[in-house]
Every structure is written in C-alpha cells, then in structure tokens.
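target02.tsv (TSV, C-alpha atoms and all ligand atoms)
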chain	number	residue	atom	x	y	z
A	1	MET	CA	0.00	0.00	0.00
A	2	LYS	CA	1.18	3.43	-0.81
A	3	VAL	CA	2.34	5.51	2.12
A	4	LYS	CA	0.09	8.43	1.18
A	5	ARG	CA	-3.01	6.22	1.11
A	6	GLN	CA	-2.02	4.68	4.43
A	7	LYS	CA	-1.75	8.18	5.94
A	8	THR	CA	-5.18	9.16	4.67
A	9	ASN	CA	-6.62	5.89	5.94
A	10	LYS	CA	-5.06	6.50	9.34
A	11	LYS	CA	-6.56	9.97	9.44
A	12	THR	CA	-9.92	8.50	8.51
A	13	MET	CA	-9.70	5.95	11.29
A	14	THR	CA	-8.74	8.60	13.82
A	15	VAL	CA	-12.10	10.24	13.09
A	16	PHE	CA	-13.82	6.99	14.04
A	17	THR	CA	-11.61	6.30	17.04
A	18	ARG	CA	-11.79	9.82	18.47
A	19	SER	CA	-15.38	10.70	17.78
A	20	TYR	CA	-17.13	7.31	17.66
A	21	GLY	CA	-15.15	5.21	20.09
A	22	PHE	CA	-13.75	2.65	17.67
A	23	ARG	CA	-11.05	0.47	19.22
A	24	GLU	CA	-8.76	-2.25	17.91
A	25	PRO	CA	-9.36	-4.88	16.89
A	26	TYR	CA	-11.80	-3.23	14.52
A	27	GLN	CA	-14.85	-5.40	13.89
A	28	VAL	CA	-15.49	-5.58	10.14
A	29	LEU	CA	-18.66	-7.11	8.74
A	30	VAL	CA	-17.63	-8.66	5.43
A	31	ASP	CA	-20.12	-9.60	2.74
A	32	GLY	CA	-19.78	-12.53	0.29
A	33	ASN	CA	-18.85	-10.45	-2.76
A	34	PHE	CA	-15.97	-8.78	-0.93
A	35	ILE	CA	-14.57	-12.18	0.08
A	36	LYS	CA	-14.98	-13.50	-3.48
A	37	VAL	CA	-13.22	-10.50	-5.04
A	38	SER	CA	-10.39	-10.77	-2.51
A	39	LEU	CA	-9.92	-14.44	-3.36
A	40	ASP	CA	-9.94	-13.57	-7.03
A	41	MET	CA	-7.12	-11.09	-6.27
A	42	ARG	CA	-5.40	-13.92	-4.42
A	43	ALA	CA	-5.48	-11.71	-1.35
A	44	ASP	CA	-6.45	-12.75	2.14
A	45	VAL	CA	-9.03	-10.52	3.79
A	46	ARG	CA	-7.32	-11.10	7.13
A	47	ASN	CA	-4.23	-9.39	5.69
A	48	THR	CA	-5.77	-6.71	3.52
A	49	LEU	CA	-8.21	-5.35	6.08
A	50	PRO	CA	-5.60	-4.67	8.80
A	51	ALA	CA	-3.45	-2.91	6.19
A	52	VAL	CA	-6.36	-0.71	5.11
A	53	LEU	CA	-7.62	0.14	8.57
A	54	VAL	CA	-4.07	0.56	9.91
A	55	GLY	CA	-4.70	-1.61	12.92
A	56	GLN	CA	-5.80	-5.00	14.13
A	57	VAL	CA	-9.02	-6.25	12.56
A	58	LYS	CA	-11.58	-8.87	13.45
A	59	PRO	CA	-13.38	-9.93	10.23
A	60	MET	CA	-16.95	-11.04	10.86
A	61	THR	CA	-19.76	-12.54	8.82
A	62	THR	CA	-23.35	-13.49	9.45
A	63	GLY	CA	-25.36	-16.59	8.77
A	64	CYS	CA	-27.19	-14.70	6.04
A	65	VAL	CA	-23.88	-13.88	4.26
A	66	ILE	CA	-22.76	-17.52	4.29
A	67	ALA	CA	-26.19	-18.66	3.17
A	68	GLU	CA	-26.08	-16.23	0.25
A	69	LEU	CA	-22.58	-17.44	-0.79
A	70	ARG	CA	-23.72	-21.03	-0.69
A	71	SER	CA	-26.71	-20.19	-2.83
A	72	LEU	CA	-24.38	-18.77	-5.52
A	73	GLY	CA	-22.95	-22.14	-6.54
A	74	GLU	CA	-19.59	-23.87	-6.66
A	75	GLU	CA	-17.82	-20.79	-7.94
A	76	PHE	CA	-18.25	-19.24	-4.51
A	77	MET	CA	-17.26	-22.29	-2.48
A	78	GLY	CA	-13.80	-20.83	-1.80
A	79	ALA	CA	-15.48	-17.70	-0.48
A	80	VAL	CA	-17.75	-19.82	1.71
A	81	ILE	CA	-14.74	-21.59	3.20
A	82	ALA	CA	-12.99	-18.28	3.81
A	83	ALA	CA	-16.13	-16.77	5.39
A	84	LYS	CA	-16.55	-19.72	7.74
A	85	ARG	CA	-13.11	-18.94	9.22
A	86	PHE	CA	-14.32	-15.55	10.29
A	87	GLU	CA	-16.15	-14.92	13.48
A	88	LYS	CA	-19.87	-15.33	12.98
A	89	ARG	CA	-21.96	-12.45	14.10
A	90	ARG	CA	-25.37	-13.61	15.26
A	91	CYS	CA	-28.30	-12.15	13.42
A	92	THR	CA	-31.99	-12.52	14.19
A	93	HIS	CA	-32.81	-14.09	10.83
A	94	HIS	CA	-33.83	-17.73	11.16
A	95	GLN	CA	-34.69	-17.65	7.47
A	96	PRO	CA	-31.70	-16.17	5.60
A	97	ILE	CA	-32.22	-12.81	3.92
A	98	PRO	CA	-29.95	-11.01	1.42
A	99	ALA	CA	-26.55	-10.26	2.96
A	100	ALA	CA	-26.89	-6.52	2.32
A	101	ASP	CA	-30.20	-6.37	4.16
A	102	CYS	CA	-28.76	-8.41	7.03
A	103	ILE	CA	-25.73	-6.15	7.40
A	104	GLY	CA	-27.84	-3.03	7.04
A	105	GLU	CA	-30.11	-4.28	9.78
A	106	ILE	CA	-27.20	-5.01	12.11
A	107	ILE	CA	-25.75	-1.55	11.56
A	108	GLY	CA	-29.13	0.02	12.03
A	109	SER	CA	-29.38	3.79	12.21
A	110	SER	CA	-26.57	4.41	14.69
A	111	ASN	CA	-24.08	1.51	14.35
A	112	LYS	CA	-24.06	1.29	18.10
A	113	HIS	CA	-21.81	-1.84	18.13
A	114	LYS	CA	-19.21	0.03	16.07
A	115	TYR	CA	-18.82	-2.18	13.02
A	116	ALA	CA	-16.92	-1.40	9.88
A	117	VAL	CA	-18.44	-2.82	6.70
A	118	ALA	CA	-16.48	-4.34	3.81
A	119	SER	CA	-18.89	-4.71	0.92
A	120	GLN	CA	-18.96	-4.62	-2.85
A	121	ASP	CA	-22.66	-3.76	-2.76
A	122	VAL	CA	-22.91	-0.18	-3.95
A	123	GLN	CA	-26.47	0.26	-2.73
A	124	LEU	CA	-25.52	-0.99	0.73
A	125	ARG	CA	-22.62	1.44	0.96
A	126	VAL	CA	-24.80	4.33	-0.17
A	127	GLN	CA	-27.25	3.35	2.51
A	128	LEU	CA	-24.59	3.04	5.22
A	129	ARG	CA	-22.97	6.38	4.40
A	130	LYS	CA	-26.05	7.96	5.94
A	131	VAL	CA	-25.25	6.22	9.23
A	132	PRO	CA	-22.70	8.35	11.07
A	133	GLY	CA	-19.63	6.51	12.29
A	134	THR	CA	-19.58	3.60	9.90
A	135	PRO	CA	-16.25	2.92	8.14
A	136	LEU	CA	-16.83	1.52	4.66
A	137	ILE	CA	-14.36	-0.64	2.71
A	138	TYR	CA	-14.55	-1.87	-0.85
A	139	ILE	CA	-12.25	-3.24	-3.54
A	140	LYS	CA	-11.77	-1.35	-6.76
A	141	ASN	CA	-9.25	-2.31	-9.45
A	142	SER	CA	-7.63	-4.85	-7.14
A	143	VAL	CA	-7.11	-2.18	-4.50
A	144	THR	CA	-8.78	-2.31	-1.12
A	145	ILE	CA	-10.08	1.15	-0.34
A	146	LEU	CA	-11.29	2.72	2.86
A	147	GLU	CA	-13.89	5.34	2.07
A	148	PRO	CA	-13.26	8.76	3.56
A	149	PRO	CA	-15.68	9.73	6.32
A	150	SER	CA	-19.08	10.53	4.89
A	151	PRO	CA	-20.52	14.05	5.31
A	152	GLU	CA	-22.96	12.68	7.86
A	153	THR	CA	-20.08	11.18	9.79
A	154	ILE	CA	-18.11	14.46	9.76
A	155	ILE	CA	-21.07	16.61	10.78
A	156	HIS	CA	-22.01	14.22	13.58
A	157	ALA	CA	-18.40	14.09	14.74
A	158	GLU	CA	-18.28	17.89	14.99
A	159	GLN	CA	-21.49	17.87	16.98
A	160	LEU	CA	-20.03	15.24	19.29
A	161	GLU	CA	-16.90	17.33	19.78
A	162	LYS	CA	-19.05	20.33	20.70
A	163	ARG	CA	-21.02	18.22	23.15
A	164	LYS	CA	-17.77	17.07	24.74
A	165	ASN	CA	-16.95	20.67	25.60
A	166	GLU	CA	-20.43	21.37	26.94
A	167	PRO	CA	-21.02	20.68	30.62
A	168	LEU	CA	-22.85	17.49	31.47
A	169	PRO	CA	-26.31	17.68	33.07
A	170	PHE	CA	-24.99	16.77	36.51
A	171	GLU	CA	-22.21	19.33	36.05
A	172	ILE	CA	-24.81	21.97	35.28
A	173	SER	CA	-26.78	21.03	38.40
A	174	VAL	CA	-23.60	21.11	40.48
A	175	ARG	CA	-22.62	24.42	38.98
A	176	THR	CA	-26.03	25.94	39.68
A	177	LYS	CA	-25.85	24.64	43.26
A	178	THR	CA	-22.36	26.00	43.76
A	179	VAL	CA	-23.33	29.28	42.19
A	180	ALA	CA	-26.45	29.46	44.35
A	181	GLU	CA	-24.36	28.68	47.43
A	182	ALA	CA	-21.63	31.00	46.37
A	183	GLU	CA	-23.91	33.88	45.50
A	184	PRO	CA	-24.81	34.82	49.08
A	185	GLN	CA	-21.19	34.34	50.03
A	186	SER	CA	-20.13	36.27	47.06
A	187	GLU	CA	-22.65	38.92	47.94
A	188	THR	CA	-21.33	39.00	51.50
A	189	SER	CA	-17.67	38.36	50.81
A	190	PRO	CA	-16.92	40.32	47.64
A	191	THR	CA	-19.17	43.21	48.51
A	192	PRO	CA	-17.60	43.58	51.94
A	193	ALA	CA	-14.30	43.43	50.20
A	194	LYS	CA	-15.61	46.07	47.88
A	195	LYS	CA	-17.14	47.87	50.83
A	196	LYS	CA	-13.86	47.52	52.66
A	197	LYS	CA	-12.14	48.87	49.64
A	198	ALA	CA	-14.79	51.52	49.42
A	199	LYS	CA	-14.76	52.09	53.18
A	200	GLY	CA	-10.97	52.18	53.26
A	201	PRO	CA	-10.49	55.09	50.97
A	202	ASN	CA	-13.77	56.76	51.86
A	203	PRO	CA	-13.09	57.46	55.56
A	204	LEU	CA	-9.71	58.78	54.66
A	205	SER	CA	-11.15	60.82	51.90
A	206	GLN	CA	-14.00	61.89	54.13
A	207	LYS	CA	-11.57	62.96	56.81
A	208	LYS	CA	-9.77	65.01	54.27
A	209	LYS	CA	-13.00	65.98	52.64
A	210	LYS	CA	-14.74	66.83	55.90
A	211	PRO	CA	-13.58	70.39	55.56
A	212	LYS	CA	-14.33	69.99	51.90
A	213	THR	CA	-17.68	68.36	52.62
A	214	SER	CA	-18.40	71.16	55.08
A	215	ALA	CA	-17.19	73.56	52.45
A	216	PRO	CA	-19.25	72.25	49.53
A	217	PRO	CA	-22.56	72.93	51.32
A	218	SER	CA	-21.23	76.34	52.24
A	219	GLN	CA	-20.09	76.65	48.68
A	220	SER	CA	-23.52	75.59	47.62
A	221	ASN	CA	-24.90	78.23	49.94
A	222	GLN	CA	-22.32	80.57	48.62
A	223	ASN	CA	-23.34	79.60	45.17
A	224	VAL	CA	-26.82	80.68	46.08
A	225	GLY	CA	-25.55	83.50	48.25
A	226	PRO	CA	-23.35	85.24	45.76
A	227	VAL	CA	-26.25	85.44	43.42
A	228	LEU	CA	-28.26	87.23	46.10
A	229	LEU	CA	-25.27	89.08	47.37
A	230	GLY	CA	-24.18	89.65	43.85
A	231	ASP	CA	-27.28	91.65	43.15
A	232	GLU	CA	-26.94	93.59	46.36
A	233	THR	CA	-23.25	94.01	46.02
A	234	ALA	CA	-23.57	94.79	42.37
A	235	ALA	CA	-26.03	97.50	43.12
A	236	ALA	CA	-23.88	98.65	46.01
A	237	LEU	CA	-20.77	98.53	43.91
A	238	GLU	CA	-22.47	100.39	41.13
A	239	GLY	CA	-23.55	103.02	43.61
A	240	ALA	CA	-20.12	103.02	45.11
A	241	ALA	CA	-18.48	103.26	41.73
A	242	ALA	CA	-20.69	106.19	40.88
A	243	VAL	CA	-19.90	107.79	44.19
A	244	VAL	CA	-16.20	106.93	44.03
A	245	GLY	CA	-15.61	109.48	41.37
A	246	THR	CA	-17.07	112.27	43.44
A	247	LYS	CA	-15.96	110.93	46.83
A	248	ARG	CA	-12.44	110.42	45.70
A	249	THR	CA	-12.31	113.91	44.44
A	250	ARG	CA	-13.47	115.08	47.84
A	251	ASP	CA	-11.19	112.69	49.71
A	252	ASP	CA	-8.32	113.61	47.54
A	253	ASP	CA	-9.08	117.22	48.15
A	254	ASP	CA	-9.10	116.53	51.89
A	255	HIS	CA	-5.94	114.47	51.61
A	256	ALA	CA	-4.44	117.13	49.52
A	257	SER	CA	-5.40	119.62	52.10
A	258	LYS	CA	-4.05	117.38	54.89
A	259	ASP	CA	-1.03	115.66	53.43
A	260	ASP	CA	-0.25	118.29	50.94
A	261	ASP	CA	2.80	117.67	48.74
A	262	ASP	CA	3.98	114.44	50.42
A	263	HIS	CA	1.26	112.32	48.71
A	264	LYS	CA	1.31	113.92	45.33
A	265	ASP	CA	2.80	110.81	43.77
A	266	GLY	CA	0.53	108.51	45.78
A	267	THR	CA	-2.59	110.19	44.58
A	268	ASP	CA	-1.31	109.99	41.04
A	269	ASP	CA	-0.69	106.25	41.50
A	270	GLU	CA	-4.14	105.72	42.88
A	271	HIS	CA	-5.63	107.41	39.87
A	272	GLN	CA	-3.46	105.28	37.61
A	273	GLU	CA	-4.85	102.15	39.28
A	274	LEU	CA	-8.38	103.27	38.61
A	275	PRO	CA	-10.13	101.82	35.54
A	276	SER	CA	-9.96	103.74	32.35
A	277	PRO	CA	-13.49	105.27	32.43
A	278	LEU	CA	-12.80	106.63	35.89
A	279	THR	CA	-9.44	108.00	34.78
A	280	ASP	CA	-11.19	109.73	31.93
A	281	ALA	CA	-13.70	111.13	34.39
A	282	THR	CA	-11.00	112.07	36.87
A	283	GLU	CA	-8.73	113.73	34.38
A	284	SER	CA	-10.81	116.85	34.54
A	285	THR	CA	-10.89	116.61	38.33
A	286	ASP	CA	-7.10	116.17	38.42
A	287	LYS	CA	-6.64	119.38	36.59
A	288	LYS	CA	-8.98	121.10	39.04
A	289	ARG	CA	-7.11	119.53	42.00
A	290	ARG	CA	-3.80	120.67	40.72
A	291	LYS	CA	-5.14	124.17	40.34
A	292	ARG	CA	-6.57	124.01	43.89
A	293	ARG	CA	-3.32	122.59	45.23
A	294	LYS	CA	-1.42	125.36	43.59
A	295	HIS	CA	-3.78	127.83	45.18
A	296	LYS	CA	-3.53	126.09	48.57
A	297	LYS	CA	0.23	125.87	48.24
A	298	SER	CA	0.46	129.49	47.66
A	299	LYS	CA	-1.93	130.12	50.60
A	300	LYS	CA	-0.14	127.59	52.89
A	301	SER	CA	3.23	128.95	51.99
A	302	GLY	CA	1.98	132.31	53.01
A	303	GLU	CA	0.38	130.90	56.22
A	304	ALA	CA	3.48	128.83	57.00
A	305	LEU	CA	5.57	131.86	56.64
A	306	ASP	CA	3.21	133.71	58.95
A	307	GLU	CA	3.16	130.78	61.46
A	308	SER	CA	6.90	130.29	61.27
A	309	ASN	CA	7.19	133.80	62.28
A	310	GLY	CA	4.85	133.13	65.23
A	311	SER	CA	5.17	129.41	66.33
A	312	ALA	CA	7.47	127.15	64.28
A	313	GLY	CA	5.92	123.73	65.41
A	314	ASP	CA	2.61	122.30	64.29
A	315	SER	CA	2.21	123.59	60.83
A	316	SER	CA	-0.67	121.33	59.69
A	317	PRO	CA	-3.95	123.14	59.51
A	318	ALA	CA	-5.80	119.76	59.94
A	319	ASP	CA	-4.77	119.58	63.58
A	320	ALA	CA	-6.29	122.90	64.21
B	401	ZN	ZN	-28.99	-12.14	9.02

Re-express the file's structure as structure tokens.
Ligand SMILES: [Zn+2]
Amino acid sequence: MKVKRQKTNKKTMTVFTRSYGFREPYQVLVDGNFIKVSLDMRADVRNTLPAVLVGQVKPMTTGCVIAELRSLGEEFMGAVIAAKRFEKRRCTHHQPIPAADCIGEIIGSSNKHKYAVASQDVQLRVQLRKVPGTPLIYIKNSVTILEPPSPETIIHAEQLEKRKNEPLPFEISVRTKTVAEAEPQSETSPTPAKKKKAKGPNPLSQKKKKPKTSAPPSQSNQNVGPVLLGDETAAALEGAAAVVGTKRTRDDDDHASKDDDDHKDGTDDEHQELPSPLTDATESTDKKRRKRRKHKKSKKSGEALDESNGSAGDSSPADA
C-alpha cells in the first residue's frame, strides 16, 4: 500500500476512534462479494483489512452472508470456506435474507456496536454512508479502499466534539448549586471586600474631605448667596463706583489739604490704578485739583511763613 493512502486511511480511522469510540481490533462485517473478489485477487481478507484500517481487525460474517454465498454455486465455495473462518456475528434471521439487508439491519441507524463494513454492494454502501460513524471498505481495481468519512459522519463528529466541551447535566446542576451557594457568600464576601475597599479610601477621603464636605454645602450656599449678594453688592458697587468718582475727588481734596505735597505721587498712583473710564472722568478733576493745590500751596506757603514767624511747630492746619 502506498504511504500516502495509508496516511489518509489512518486519518480516517482517527475520526472513528476519536469521535465514535472505535477500538482495535476493529470489527469488520464482510459480505460474500468482498470475500470473493479478494480471493480472485489472491489476497487474504485477514491481511488486507488490517493494512487498510491501519490496525488489528476482526473480520466477521453473518449466517445470512454464508447462506447467500452457498446459494451462488460452486464458484463461490472458496469464499464460503474463507467466510466460515471468520467470526460469525449472530443475526436474528432464522430464514436467511440477502446479505446486504442483514448487514444493514445489524448496523441500524446508529451503528451502536461500532462495526466497519467491507462490501462490494454499492447500494448498501450508499445506505450506510447515511449512518454516522460507519467505516466503509470496498475493492476497486484490485485495491482495497477505505472510504473517507461521509458528510454525515463528519457533521455528527463535529457535533459530538461540541457536546464534549459542553457541561454534562450533573455538572450543570452542580454548577447551579455552587453558584447558588456562592452567591450569598459572594454577595457577603466580595461586597464587603468592595465595601472595605470603598470604606478604606472613603473614611480617609471623608476625613480630608470633611472640611471639603463642610465647604461644599457652604459653597452651595455661597453659590446661592453670591447670586443674592451679587445683586446687592452689584447695586452697592455700582452706587459706590458712581460715588467713588465724586468721593475720591473730595477725599483727595481733603488728603491734599491734609497731606499736601507728600502724597502727590501717591494720589497719582491711585488714579493710575483706577479703571480707564474713571481715569477719563478724573482727568478733569485732576486738573482742578492741581489748580486748587497750587492755590492752597500758595496760601499755605503764606500761612506757614506767617506761622513760622509766630510758632514754628505744628504747621498742619488739619490739627487745628
Ligand atoms: Zn442475518
């Protein structure tokens, strides 16, 4: 046998061994025609089948197969003798039926006893391809051939593989029990852990945030407050801003009268700090102040001169 064909046959048999539980020695139901063709090839079924299935084989026949071979005449006597050497699989047919029907009945719809079938009956093989997990062997051109797994066999094997990964019913029940038992624990244990985790940082954060937490409500109050205060203060500020222009002129006049020349620069700085509209408004007042200061200077200089003549101490008129 060619090495390549042996490899493919081995792959085919692994499908049956993995997915359908086939084990050596493989039980092969052999029909009369297959035995006859093998004898015509001068090949022994007990040698060819193990080579094809790549493993130990137990060839088997039924009473119906032997009965059919006998009915075919002397030409098939060699096949009858060969078939009688094989293990006889009991069938329920007291009156022999065609070998194909007998084998088909033994295989049934599921091939639960895990038989391979070596048959030259095309109709039988077509029928058995529909039964998943049934290796089929036939001889063509003096070559014993193991059919590749039928589509039904492949599809059913994939389904079986999926089922293997699925949990069994008792596993599901156990899992549900464990989950049900674990759920309260998990609710108590993980959530405390979470609560601990949550409690751990929270107290610390609360301690730090306590001023913050006390602040946020105050901020919230402040958020409300400023709006109220804002209106009041805005109105007050507006009033104040309106008054500032006039008041400052008066204050400055008073300061000017009190502090005189010492705060000339300071008053200028204050006016520089004022916003631009006020500066525009105060520019005219500055000019007036300067004029007044000049007048007062001239007056004070005259007074100071008069006072210096009299008492040279407290020169500020504000004290008086
Ligand atoms: Zn039978």

Next on the checklist: Please identify all protein, DNA and RNA residues within 12 Å of ligand ZN 401 (chain B), counting all atoms listed in the file, and report them as a PyMOL selection string.
Outcome noted: chain A and resi 29+31+61-68+88-107

Next on the checklist: Residues near A:Glu75, anyone? I mean within 12 Å using all atoms listed in the file, not counting same-chain ones fewer than 4 positions away, as a list of chain:residue names.
Outcome noted: A:Gly32, A:Asn33, A:Lys36, A:Val37, A:Leu39, A:Asp40, A:Leu69, A:Arg70, A:Ser71, A:Ala79, A:Val80, A:Ile81

Item to check | Interatomic distance, atom CA of A:Lys10 to atom CA of A:Met60 (Å, one decimal) | outcome: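 So the answer is 21.2 Å.
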
Checklist entry - Please, what distance in Å, to one decimal, runs between atom CA of A:Leu49 and atom CA of A:Ile155? => result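 Spanning atom CA of A:Leu49 to atom CA of A:Ile155 is a straight-line distance of 25.9 Å.
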
Checklist entry - Separation of atom CA of A:Glu24 and atom CA of A:Arg42, in Å? => result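 Between these atoms lies a distance of 25.4 Å.
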
Checklist outcome for this item: Across A:Ile137, A:Leu124, A:Leu53, A:Ala82, the smallest distance to A:Lys11, with all atoms listed in the file counted, is shown by A:Leu53

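Using only C-alpha atoms for every distance, the candidate list A:Phe76, A:Phe34, A:Phe86, A:Phe170 yields A:Phe34 as the residue closest to A:Ile139.
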
Next on the checklist: Restricting the calculation to all atoms listed in the file: of A:Val28, A:Lys177, A:Gln120, A:Ala51, which residue gets closest to A:Asn9?
Outcome noted: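 Ranking A:Val28, A:Lys177, A:Gln120, A:Ala51 by distance to A:Asn9, first place goes to A:Ala51.
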
Taking all atoms of stretch 101-115 of chain A that appear in the file, build a box with edges along x, y and z, extend it by 8 Å on every side, and state its centre and edge lengths in Å to one decimal, as JSON.
{"center_x": -24.5, "center_y": -2.0, "center_z": 11.1, "size_x": 27.4, "size_y": 28.8, "size_z": 30.0}

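Neighbours of A:Lys114 closer than or equal to 8 Å, with all atoms listed in the file counted and sequence neighbours fewer than 5 positions away skipped, come out as A:Tyr20, A:Gly21, A:Phe22, A:Gln27, A:Gly133, A:Thr134.
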
Dump of stretch 80-96 of chain A from preceding block, C-alpha atoms, as a compact mmCIF listing (two decimals), in the first residue's frame:
# COMPACT_ATOMS: atom_id res chain seq x y z
CA VAL A 80 -17.75 -19.82 1.71
CA ILE A 81 -14.74 -21.59 3.20
CA ALA A 82 -12.99 -18.28 3.81
CA ALA A 83 -16.13 -16.77 5.39
CA LYS A 84 -16.55 -19.72 7.74
CA ARG A 85 -13.11 -18.94 9.22
CA PHE A 86 -14.32 -15.55 10.29
CA GLU A 87 -16.15 -14.92 13.48
CA LYS A 88 -19.87 -15.33 12.98
CA ARG A 89 -21.96 -12.45 14.10
CA ARG A 90 -25.37 -13.61 15.26
CA CYS A 91 -28.30 -12.15 13.42
CA THR A 92 -31.99 -12.52 14.19
CA HIS A 93 -32.81 -14.09 10.83
CA HIS A 94 -33.83 -17.73 11.16
CA GLN A 95 -34.69 -17.65 7.47
CA PRO A 96 -31.70 -16.17 5.60
